[in-house]
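Asks: Contents are mmCIF, C-alpha atoms; file name structure_0.cif:
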data_model
#
loop_
_atom_site.label_atom_id
_atom_site.label_comp_id
_atom_site.auth_asym_id
_atom_site.auth_seq_id
_atom_site.Cartn_x
_atom_site.Cartn_y
_atom_site.Cartn_z
CA MET A 296 0.00 0.00 0.00
CA ARG A 297 1.34 3.43 -0.94
CA ASP A 298 1.91 6.14 1.67
CA THR A 299 -1.06 8.14 0.34
CA GLU A 300 -3.38 5.15 0.59
CA ARG A 301 -2.16 4.36 4.10
CA GLY A 302 -2.70 7.97 5.14
CA GLU A 303 -6.21 8.05 3.69
CA ALA A 304 -7.11 4.74 5.35
CA ALA A 305 -5.92 5.94 8.76
CA PHE A 306 -7.80 9.22 8.33
CA ALA A 307 -10.98 7.39 7.25
CA ALA A 308 -11.02 5.52 10.54
CA ARG A 309 -10.71 8.78 12.52
CA ALA A 310 -13.35 10.47 10.36
CA GLU A 311 -15.81 7.64 11.01
CA GLY A 312 -15.51 8.38 14.71
CA VAL A 313 -16.43 12.03 14.09
CA LEU A 314 -19.22 11.36 11.59
CA GLY A 315 -20.73 8.43 13.46
CA ARG A 316 -20.73 6.41 10.24
CA ALA A 317 -18.32 5.44 7.49
CA PRO A 318 -17.70 8.37 5.14
CA ASP A 319 -18.98 8.13 1.57
CA VAL A 320 -15.73 9.49 0.15
CA VAL A 321 -12.16 9.91 1.44
CA VAL A 322 -9.62 11.79 -0.69
CA SER A 323 -6.51 13.91 -0.26
CA ALA A 324 -4.38 16.47 -2.08
CA PRO A 325 -0.72 17.41 -1.61
CA GLY A 326 0.92 20.65 -0.70
CA ARG A 327 3.42 22.06 -3.15
CA VAL A 328 6.78 23.73 -3.23
CA ASN A 329 7.54 26.09 -6.09
CA LEU A 330 10.98 25.38 -7.50
CA ILE A 331 11.14 28.63 -9.43
CA GLY A 332 8.71 31.10 -11.00
CA GLU A 333 7.43 33.31 -8.19
CA HIS A 334 4.76 35.97 -8.73
CA THR A 335 4.72 35.10 -12.42
CA ASP A 336 1.41 33.22 -12.46
CA TYR A 337 -0.87 36.24 -12.11
CA ASN A 338 1.25 37.93 -14.78
CA ASP A 339 0.40 35.18 -17.33
CA GLY A 340 3.93 33.80 -17.03
CA PHE A 341 5.68 30.49 -16.39
CA VAL A 342 5.93 28.46 -13.18
CA LEU A 343 7.71 25.27 -12.11
CA PRO A 344 6.25 23.72 -8.94
CA THR A 345 6.39 20.20 -7.55
CA VAL A 346 4.36 18.52 -4.82
CA ILE A 347 5.50 17.57 -1.32
CA PRO A 348 4.60 14.48 0.75
CA GLN A 349 2.46 16.46 3.21
CA ARG A 350 -1.23 16.29 2.33
CA THR A 351 -4.69 17.53 3.26
CA PHE A 352 -7.32 14.84 3.83
CA ILE A 353 -11.08 15.19 3.35
CA ALA A 354 -13.89 12.80 4.29
CA VAL A 355 -17.44 13.52 3.14
CA SER A 356 -20.82 11.95 3.88
CA ARG A 357 -24.04 13.07 2.20
CA ARG A 358 -26.90 14.45 4.31
CA ASP A 359 -30.40 15.73 3.65
CA GLY A 360 -31.08 19.40 3.11
CA SER A 361 -28.60 22.13 2.21
CA HIS A 362 -26.53 22.42 5.38
CA VAL A 363 -22.78 21.79 5.48
CA ARG A 364 -21.47 20.59 8.83
CA ALA A 365 -17.68 20.73 9.04
CA HIS A 366 -15.07 19.51 11.51
CA SER A 367 -11.30 20.04 11.29
CA GLU A 368 -8.75 18.11 13.28
CA THR A 369 -6.12 20.74 12.63
CA LEU A 370 -7.67 24.05 11.56
CA GLY A 371 -10.19 25.09 14.19
CA GLY A 372 -12.78 22.56 15.32
CA ASP A 373 -16.45 22.65 14.26
CA ASP A 374 -18.16 25.04 11.88
CA GLY A 375 -20.86 25.07 9.22
CA TYR A 376 -22.93 27.04 6.70
CA GLU A 377 -25.83 26.80 4.24
CA LEU A 378 -25.26 26.05 0.59
CA GLY A 379 -26.26 29.05 -1.51
CA ARG A 380 -25.57 31.45 1.37
CA GLU A 381 -21.77 31.39 1.32
CA ALA A 382 -20.20 34.55 2.74
CA ARG A 383 -16.78 35.40 4.12
CA VAL A 384 -16.55 35.03 7.91
CA GLY A 385 -12.76 35.14 8.33
CA ARG A 386 -12.38 31.53 9.50
CA TRP A 387 -11.03 28.35 7.94
CA ILE A 388 -14.54 27.46 6.78
CA ASP A 389 -14.21 30.20 4.13
CA TYR A 390 -12.04 27.86 2.06
CA LEU A 391 -14.83 25.27 1.98
CA GLN A 392 -17.38 28.00 1.27
CA GLY A 393 -15.22 29.13 -1.63
CA VAL A 394 -15.31 25.64 -3.11
CA THR A 395 -19.09 25.22 -2.94
CA HIS A 396 -19.61 28.82 -4.08
CA SER A 397 -17.50 28.39 -7.22
CA LEU A 398 -19.03 24.99 -8.00
CA ALA A 399 -22.52 26.49 -7.79
CA LYS A 400 -21.52 29.47 -9.94
CA SER A 401 -20.28 27.00 -12.57
CA GLY A 402 -23.68 25.29 -12.64
CA ARG A 403 -22.92 22.23 -10.52
CA VAL A 404 -25.68 21.08 -8.18
CA LEU A 405 -24.77 20.10 -4.62
CA ARG A 406 -26.72 18.87 -1.61
CA GLY A 407 -25.92 19.00 2.07
CA PHE A 408 -22.98 17.07 3.48
CA ASP A 409 -20.86 16.47 6.53
CA VAL A 410 -17.11 16.92 6.10
CA VAL A 411 -14.05 16.14 8.20
CA VAL A 412 -10.71 17.79 7.43
CA ALA A 413 -7.16 17.03 8.53
CA SER A 414 -3.87 18.33 7.18
CA ASP A 415 -0.15 18.10 7.78
CA VAL A 416 0.66 20.81 5.21
CA PRO A 417 2.13 23.67 7.29
CA VAL A 418 -0.12 26.74 7.31
CA GLY A 419 1.41 30.07 6.27
CA SER A 420 4.66 28.51 5.04
CA GLY A 421 4.35 29.14 1.31
CA LEU A 422 3.56 25.45 0.69
CA SER A 423 -0.04 25.90 -0.50
CA SER A 424 -1.95 24.71 2.53
CA SER A 425 -5.00 26.61 1.27
CA ALA A 426 -4.82 25.18 -2.25
CA ALA A 427 -4.33 21.66 -0.88
CA LEU A 428 -7.50 22.12 1.18
CA GLU A 429 -9.47 23.51 -1.76
CA VAL A 430 -8.30 20.87 -4.23
CA ALA A 431 -8.99 18.05 -1.76
CA MET A 432 -12.46 19.48 -1.14
CA MET A 433 -13.11 19.76 -4.87
CA ARG A 434 -12.02 16.14 -5.35
CA ALA A 435 -14.27 14.99 -2.54
CA LEU A 436 -17.35 16.78 -3.88
CA ARG A 437 -16.60 15.64 -7.43
CA ALA A 438 -16.67 12.05 -6.22
CA THR A 439 -19.59 12.46 -3.80
CA PHE A 440 -21.94 14.13 -6.27
CA GLU A 441 -20.50 12.58 -9.46
CA LEU A 442 -19.60 15.94 -10.99
CA GLU A 443 -18.11 16.17 -14.47
CA LEU A 444 -15.00 18.16 -13.69
CA ASP A 445 -11.49 17.67 -15.07
CA ASP A 446 -8.36 18.43 -13.07
CA VAL A 447 -7.62 21.75 -14.79
CA GLU A 448 -11.14 23.12 -14.37
CA LEU A 449 -11.04 21.88 -10.78
CA ALA A 450 -7.98 24.07 -10.20
CA ARG A 451 -9.60 27.09 -11.86
CA LEU A 452 -12.68 26.77 -9.66
CA ALA A 453 -10.52 26.41 -6.56
CA GLN A 454 -8.76 29.65 -7.49
CA ARG A 455 -12.09 31.39 -8.06
CA GLY A 456 -13.35 30.37 -4.63
CA GLU A 457 -10.25 31.70 -2.90
CA ASN A 458 -10.45 34.96 -4.86
CA GLU A 459 -14.17 35.58 -4.32
CA ILE A 460 -14.97 34.16 -0.87
CA VAL A 461 -11.66 34.07 1.01
CA GLY A 462 -10.65 37.37 -0.58
CA ALA A 463 -7.08 36.36 -1.48
CA PRO A 464 -6.00 37.52 -4.96
CA VAL A 465 -4.04 34.33 -5.66
CA GLY A 466 -3.07 33.11 -9.11
CA ILE A 467 -3.54 29.69 -10.68
CA LEU A 468 -0.13 28.28 -9.64
CA ASP A 469 -1.08 26.73 -6.31
CA PRO A 470 -4.33 24.94 -7.17
CA LEU A 471 -2.95 23.73 -10.49
CA ALA A 472 0.16 22.31 -8.82
CA CYS A 473 -1.89 20.58 -6.12
CA SER A 474 -4.29 19.21 -8.73
CA LEU A 475 -1.82 17.99 -11.37
CA GLY A 476 1.52 17.57 -9.59
CA GLU A 477 3.32 14.29 -8.91
CA ILE A 478 6.18 13.42 -6.56
CA GLY A 479 9.49 13.17 -8.42
CA SER A 480 8.66 15.57 -11.23
CA ALA A 481 8.13 19.29 -11.62
CA LEU A 482 5.11 20.71 -13.40
CA PHE A 483 6.12 23.25 -16.04
CA VAL A 484 3.06 25.45 -16.59
CA ASP A 485 2.28 28.25 -19.01
CA THR A 486 -0.28 30.08 -16.90
CA ARG A 487 -1.72 31.90 -19.92
CA SER A 488 -2.68 28.77 -21.85
CA LEU A 489 -2.69 26.45 -18.80
CA GLY A 490 -0.69 24.00 -20.86
CA SER A 491 1.61 21.90 -18.70
CA GLU A 492 4.42 19.36 -18.96
CA ARG A 493 6.00 17.14 -16.31
CA ILE A 494 9.77 17.56 -16.06
CA VAL A 495 11.73 14.89 -14.20
CA ILE A 496 13.75 16.27 -11.28
CA PRO A 497 17.42 15.30 -11.80
CA ARG A 498 18.44 12.31 -9.70
CA ALA A 499 21.69 14.04 -8.76
CA VAL A 500 19.81 16.34 -6.36
CA GLU A 501 17.33 16.19 -3.49
CA LEU A 502 14.95 18.98 -2.61
CA VAL A 503 15.22 20.40 0.89
CA VAL A 504 12.35 22.47 2.29
CA VAL A 505 12.77 24.43 5.52
CA ASP A 506 9.98 26.46 7.11
CA SER A 507 11.18 29.79 8.48
CA GLY A 508 8.51 29.90 11.16
CA VAL A 509 7.33 33.30 9.90
CA ALA A 510 3.74 32.88 8.70
CA HIS A 511 2.34 34.88 5.80
CA ASP A 512 -1.22 35.74 4.79
CA HIS A 513 -2.21 36.33 1.15
CA VAL A 514 -5.48 37.98 2.18
CA GLN A 515 -3.62 40.92 3.67
CA GLY A 516 -1.09 43.54 2.69
CA GLY A 517 1.97 42.96 0.61
CA TYR A 518 0.84 40.24 -1.78
CA ARG A 519 -2.17 42.28 -2.89
CA GLU A 520 0.01 45.38 -3.26
CA ARG A 521 2.57 43.56 -5.42
CA ARG A 522 -0.12 42.28 -7.73
CA ALA A 523 -1.56 45.77 -8.16
CA GLN A 524 1.93 47.12 -8.91
CA CYS A 525 2.47 44.51 -11.61
CA GLU A 526 -0.87 45.38 -13.19
CA GLU A 527 0.03 49.07 -13.18
CA ALA A 528 3.44 48.36 -14.69
CA ALA A 529 1.81 46.37 -17.50
CA ARG A 530 -0.61 49.23 -18.21
CA ARG A 531 2.20 51.76 -18.36
CA LEU A 532 4.14 49.48 -20.72
CA GLY A 533 1.05 49.12 -22.92
CA VAL A 534 0.75 45.34 -22.63
CA ARG A 535 -1.94 42.96 -21.40
CA ALA A 536 0.37 41.43 -18.80
CA LEU A 537 4.06 41.45 -17.92
CA ARG A 538 4.33 38.12 -19.74
CA ASP A 539 4.26 40.23 -22.90
CA VAL A 540 7.60 41.94 -22.26
CA GLY A 541 10.94 40.20 -22.16
CA GLU A 542 14.58 40.73 -21.32
CA ASP A 543 14.98 42.78 -24.52
CA ASP A 544 12.63 45.31 -22.90
CA LEU A 545 14.63 45.82 -19.71
CA ALA A 546 15.79 49.28 -20.76
CA ARG A 547 12.17 50.34 -21.27
CA ILE A 548 11.22 48.77 -17.94
CA ALA A 549 13.97 50.79 -16.24
CA SER A 550 12.14 53.97 -17.27
CA LEU A 551 9.14 53.12 -15.09
CA ARG A 552 8.85 54.97 -11.81
CA PRO A 553 10.05 53.13 -8.69
CA PRO A 554 9.07 50.59 -7.50
CA LEU A 555 7.24 49.58 -10.69
CA ASP A 556 10.58 49.24 -12.47
CA ARG A 557 11.84 46.72 -9.93
CA ARG A 558 8.57 44.77 -9.80
CA ALA A 559 8.46 44.41 -13.58
CA ARG A 560 12.16 43.53 -13.77
CA HIS A 561 11.62 40.68 -11.32
CA VAL A 562 8.72 39.22 -13.28
CA VAL A 563 10.50 39.46 -16.63
CA THR A 564 13.75 37.95 -15.39
CA GLU A 565 11.91 35.31 -13.35
CA ASN A 566 10.03 34.15 -16.43
CA ALA A 567 13.35 33.79 -18.21
CA ARG A 568 14.77 31.86 -15.24
CA VAL A 569 11.89 29.37 -15.37
CA LEU A 570 12.59 28.64 -19.03
CA ARG A 571 16.32 28.23 -18.32
CA ALA A 572 15.57 26.00 -15.33
CA VAL A 573 13.43 23.70 -17.47
CA ASP A 574 16.24 23.47 -20.01
CA ALA A 575 18.77 22.77 -17.24
CA MET A 576 16.60 20.01 -15.78
CA ARG A 577 16.18 18.38 -19.16
CA ARG A 578 19.98 18.34 -19.49
CA ASP A 579 20.55 17.24 -15.86
CA ASP A 580 22.60 20.43 -15.40
CA VAL A 581 22.15 20.83 -11.66
CA HIS A 582 24.81 23.53 -11.30
CA THR A 583 22.98 25.85 -13.68
CA LEU A 584 19.75 25.02 -11.87
CA GLY A 585 21.35 25.93 -8.54
CA ALA A 586 22.62 29.24 -9.90
CA LEU A 587 19.10 30.04 -11.12
CA PHE A 588 17.74 29.33 -7.63
CA ASP A 589 20.26 31.79 -6.16
CA ALA A 590 19.46 34.47 -8.74
CA SER A 591 15.74 34.02 -8.18
CA HIS A 592 16.12 34.62 -4.45
CA GLU A 593 18.17 37.76 -5.03
CA SER A 594 15.46 39.08 -7.33
CA MET A 595 12.71 38.23 -4.83
CA ARG A 596 14.69 39.97 -2.10
CA ASP A 597 15.88 43.06 -3.96
CA ASP A 598 13.47 43.72 -6.84
CA PHE A 599 10.18 42.28 -5.60
CA GLU A 600 11.03 42.93 -1.94
CA VAL A 601 9.05 40.03 -0.48
CA SER A 602 11.70 38.31 1.58
CA VAL A 603 12.26 38.87 5.30
CA PRO A 604 15.47 38.71 7.37
CA ARG A 605 14.86 35.23 8.81
CA VAL A 606 14.23 33.81 5.34
CA ASP A 607 17.38 35.52 4.03
CA ARG A 608 19.37 33.96 6.86
CA LEU A 609 18.03 30.51 5.99
CA VAL A 610 19.02 30.98 2.36
CA GLU A 611 22.52 32.09 3.36
CA ARG A 612 22.83 29.18 5.78
CA ALA A 613 21.77 26.82 2.99
CA LYS A 614 24.26 28.27 0.50
CA ALA A 615 27.05 27.90 3.06
CA HIS A 616 26.41 24.15 3.34
CA PRO A 617 28.99 22.22 1.24
CA GLU A 618 26.35 19.90 -0.25
CA VAL A 619 23.84 22.59 -1.26
CA ILE A 620 23.93 23.79 -4.87
CA GLY A 621 21.37 26.61 -4.67
CA ALA A 622 18.61 27.99 -2.45
CA ARG A 623 15.73 30.44 -2.60
CA LEU A 624 12.57 31.68 -0.93
CA THR A 625 9.58 29.68 -2.16
CA GLY A 626 5.99 30.90 -2.22
CA GLY A 627 4.55 34.38 -2.15
CA GLY A 628 6.98 35.72 0.43
CA PHE A 629 6.67 37.86 3.57
CA GLY A 630 7.68 34.75 5.49
CA GLY A 631 7.17 31.12 4.59
CA ALA A 632 9.75 28.55 3.55
CA ILE A 633 12.88 28.13 1.49
CA VAL A 634 13.69 25.40 -1.01
CA ALA A 635 17.27 24.24 -1.58
CA LEU A 636 18.98 21.82 -3.94
CA ALA A 637 21.21 19.37 -2.11
CA ARG A 638 23.36 16.71 -3.69
CA ALA A 639 21.66 13.33 -3.64
CA GLY A 640 22.15 11.52 -0.36
CA HIS A 641 22.80 14.72 1.60
CA GLY A 642 19.30 16.22 1.80
CA ALA A 643 18.59 15.18 5.38
CA ASP A 644 21.94 16.47 6.68
CA ALA A 645 21.53 19.75 4.84
CA ALA A 646 17.97 20.17 6.12
CA SER A 647 19.10 19.66 9.71
CA ALA A 648 21.92 22.17 9.37
CA ILE A 649 19.73 24.82 7.75
CA ALA A 650 16.95 24.34 10.30
CA ALA A 651 19.39 25.09 13.15
CA GLU A 652 18.33 28.71 12.62
CA PRO A 653 16.08 29.65 15.59
CA GLY A 654 12.38 29.24 14.77
CA ALA A 655 12.98 27.13 11.66
CA ARG A 656 12.02 23.54 11.07
CA ALA A 657 12.93 21.09 8.34
CA LEU A 658 10.13 19.41 6.43
CA VAL A 659 10.34 15.86 5.16
CA PRO A 660 11.98 15.84 1.73
CA PRO A 661 10.31 13.95 -1.14
CA PRO A 662 10.96 10.22 -0.95
CA PRO A 663 13.51 8.51 -3.23
CA ARG A 664 12.29 8.16 -6.82
#
Is it possible to express this structure as structure tokens?
Replies:
Amino acid sequence: MRDTERGEAAFAARAEGVLGRAPDVVVSAPGRVNLIGEHTDYNDGFVLPTVIPQRTFIAVSRRDGSHVRAHSETLGGDDGYELGREARVGRWIDYLQGVTHSLAKSGRVLRGFDVVVASDVPVGSGLSSSAALEVAMMRALRATFELELDDVELARLAQRGENEIVGAPVGILDPLACSLGEIGSALFVDTRSLGSERIVIPRAVELVVVDSGVAHDHVQGGYRERRAQCEEAARRLGVRALRDVGEDDLARIASLRPPLDRRARHVVTENARVLRAVDAMRRDDVHTLGALFDASHESMRDDFEVSVPRVDRLVERAKAHPEVIGARLTGGGFGGAIVALARAGHGADAASAIAAEPGARALVPPPPR
């Protein structure tokens, strides 16, 4: 039995105790770590995420009427709402409300249900705990109510729910990664067309993920501001999105007023780094890949200004390790986690050394492929 199946079976037994009966459906979805391509998704650019072993589990049982009764082992106890009356309340239940809201808006018909949630995806760490919850919930309702819904549309509806009910202006990266990603490969996505390709992660490296302990929140502050700045930069450059300018346009970008010049420069150069990273992975060129990680972090820190001192210290600690080839902030920033490339066989040692920074903790690296 695979680890996912074992995890779902163990969760099903716990959920039965909460529900008082065996659940109709038990599913899960993984968290994700973005290898490179940060803040490019809402600019119609390129991204390169992969999934992590940590998952969010959902158990659902049908019930009469239109009420949703929800229990979370990890997010905040009991809650509930009425289908068709979804509204933001500022609690974890908003993510479930977002799912049923977007399904209804797309014409899918739901009935009442009981749901139990558990997750070991760290919250606020840039590892897509919210998208894992939304994608798992979408999968559960798809199975429970036999909805015709492919994995790409599932991701789009998850994004819509988080935008409209939770109020977070997230892009398509996180739900698409959680919906389509597989352990051992990266998902190269063109977020304009939503075309994707799986790229095998070179066997010469292991991914190391270390949580800084500084939580972020995409509903508030800096993330929303950065998105608005990118949209303004695109307008001033006369393009639909920053995807439509490239490195040949850097001189024109430099004429924008600060900080729009820096925001646009990050997006343009980050898109180019994603394409170079895909090429490096195809050629098993891990040294070029590591250098791209380093350059991406510098751009996130200096041009997009979304890193924080503790994250910067983790990156520097990672780069100082003799078996680490490159390291960067992963996720939207303002806290969260870093991802590093360690030489194969040295991931666990590197993770322990990096996580010696006060407040940090190493997360389990992906299993051997």
Asks: Neighbours of A:Ala567 within 12 Å (all atoms listed in the file; same-chain residues fewer than 2 positions away dropped), as JSON, numbers by chain?
Replies: {"A": [331, 332, 333, 335, 340, 341, 342, 343, 538, 540, 541, 542, 543, 560, 561, 562, 563, 564, 565, 569, 570, 571, 572, 573, 574, 587, 590, 591]}
Asks: Fewer than 2 positions away in the same chain doesn't count, so skip those; otherwise give me all residues within 9 Å of A:Arg605, counting only C-alpha atoms, as a tab-separated table (two decimals) with C-alpha atoms, in the coordinates of the input.
Replies:
chain	number	residue	atom	x	y	z
A	507	SER	CA	11.18	29.79	8.48
A	508	GLY	CA	8.51	29.90	11.16
A	509	VAL	CA	7.33	33.30	9.90
A	602	SER	CA	11.70	38.31	1.58
A	603	VAL	CA	12.26	38.87	5.30
A	607	ASP	CA	17.38	35.52	4.03
A	608	ARG	CA	19.37	33.96	6.86
A	609	LEU	CA	18.03	30.51	5.99
A	610	VAL	CA	19.02	30.98	2.36
A	630	GLY	CA	7.68	34.75	5.49
A	652	GLU	CA	18.33	28.71	12.62
A	653	PRO	CA	16.08	29.65	15.59
A	654	GLY	CA	12.38	29.24	14.77
A	655	ALA	CA	12.98	27.13	11.66
Asks: Taking all atoms listed in the file into account, name the residue in A:Tyr390, A:Glu303, A:Arg623, A:Asp336 that is nearest to A:Val484.
Replies: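 For A:Val484, the nearest of the given residues is A:Asp336.
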Asks: Considering only C-alpha atoms, can you say which of A:Ile620, A:Val384, A:Ile649, A:Leu370 comes closest to A:Leu584?
Replies: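 When distances to A:Leu584 are compared using only C-alpha atoms, the smallest one comes from A:Ile620.
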Asks: Decode the PyMOL selection byres ((chain A and resi 499) around 7) for the given file into explicit residues and return them as a ChimeraX atom specification.
Replies: /A:497-498,500,638-639
Asks: Under the PyMOL selection byres ((chain A and resi 372) around 12), which residues of this model are included? Write them out as a PDB file with C-alpha atoms, in the frame of the given file.
Replies:
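Just written: result_32.pdb:
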ATOM      1  CA  VAL A 313     -16.430  12.030  14.090  1.00  0.00           C
ATOM      2  CA  ARG A 364     -21.470  20.590   8.830  1.00  0.00           C
ATOM      3  CA  ALA A 365     -17.680  20.730   9.040  1.00  0.00           C
ATOM      4  CA  HIS A 366     -15.070  19.510  11.510  1.00  0.00           C
ATOM      5  CA  SER A 367     -11.300  20.040  11.290  1.00  0.00           C
ATOM      6  CA  GLU A 368      -8.750  18.110  13.280  1.00  0.00           C
ATOM      7  CA  THR A 369      -6.120  20.740  12.630  1.00  0.00           C
ATOM      8  CA  LEU A 370      -7.670  24.050  11.560  1.00  0.00           C
ATOM      9  CA  GLY A 371     -10.190  25.090  14.190  1.00  0.00           C
ATOM     10  CA  ASP A 373     -16.450  22.650  14.260  1.00  0.00           C
ATOM     11  CA  ASP A 374     -18.160  25.040  11.880  1.00  0.00           C
ATOM     12  CA  GLY A 375     -20.860  25.070   9.220  1.00  0.00           C
ATOM     13  CA  ARG A 386     -12.380  31.530   9.500  1.00  0.00           C
ATOM     14  CA  TRP A 387     -11.030  28.350   7.940  1.00  0.00           C
ATOM     15  CA  ILE A 388     -14.540  27.460   6.780  1.00  0.00           C
ATOM     16  CA  VAL A 410     -17.110  16.920   6.100  1.00  0.00           C
ATOM     17  CA  VAL A 411     -14.050  16.140   8.200  1.00  0.00           C
ATOM     18  CA  VAL A 412     -10.710  17.790   7.430  1.00  0.00           C
ATOM     19  CA  ALA A 413      -7.160  17.030   8.530  1.00  0.00           C
TER      20      ALA A 413
END
Asks: Work out how far apart atom CA of A:His616 and atom CA of A:Asp644 are and give it in Å to one decimal.
Replies: 9.5 Å
Asks: Just to confirm, what's the straight-line distance from atom CA of A:Ala657 to atom CA of A:Ser594 in Å (one decimal)?
Replies: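 Answer for the atom CA of A:Ala657 to atom CA of A:Ser594 separation: 24.0 Å.
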Asks: On this file, the PyMOL selection byres ((chain A and resi 414-419) around 9) gives some set of residues; write that set as a PyMOL selection string.
Replies: chain A and resi 325-327+347-353+367-370+412-413+420-425+427-428+506+508-513+630-632
Asks: Tell me, in Å to one decimal, how far atom CA of A:Gly627 is from atom CA of A:Val601.
Replies: 7.4 Å
Asks: Tell me which protein, DNA and RNA residues are within 10 Å of A:Phe440, counting only C-alpha atoms, leaving out same-chain ones fewer than 4 positions away, and put them as a PyMOL selection string.
Replies: chain A and resi 357+403-406+435-436
Asks: Please return as a PyMOL selection string every residue within 12 Å of (9.7, 52.9, -12.1), taking into account only C-alpha atoms and the file's own coordinates.
Replies: chain A and resi 524-525+527-529+531-532+545-560+598
Asks: With distances taken over all atoms listed in the file, which of A:Ala438, A:Val320, A:Gly462, A:Val634 is nearest to A:Gly385?
Replies: A:Gly462
Asks: Taking all atoms listed in the file into account, which of A:Arg519, A:Leu398, A:Val346, A:Asp409 comes nearest A:Leu471?
Replies: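 Using all atoms listed in the file, A:Leu471 sits closest to A:Val346.
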Asks: Write out as a list in words which residues come within 7 Å of A:Arg493 when counting only C-alpha atoms, dropping same-chain ones fewer than 3 positions away.
Replies: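 My list of contacting residues is Ser480, Ala481, Leu482 and Phe483 of chain A.
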Asks: Which residue, A:Glu300, A:Asp589, A:Asp597, A:Glu477, has the smallest gap to A:Pro344 when you use only C-alpha atoms?
Replies: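 Closest residue, counting only C-alpha atoms: A:Glu477.
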Asks: Near A:Leu449, within 12 Å and counting all atoms listed in the file, which residues show up once chain neighbours fewer than 4 positions away are dropped, as a ChimeraX atom specification?
Replies: /A:394-395,397-398,401,403,426-427,429-437,442-445,453-456,467,469-475
Asks: Using all atoms listed in the file, find the one residue out of A:Arg578, A:Arg568, A:Leu502, A:Ala523 that sits nearest to A:Ala643.
Replies: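 Using all atoms listed in the file, the shortest distance to A:Ala643 belongs to A:Leu502.
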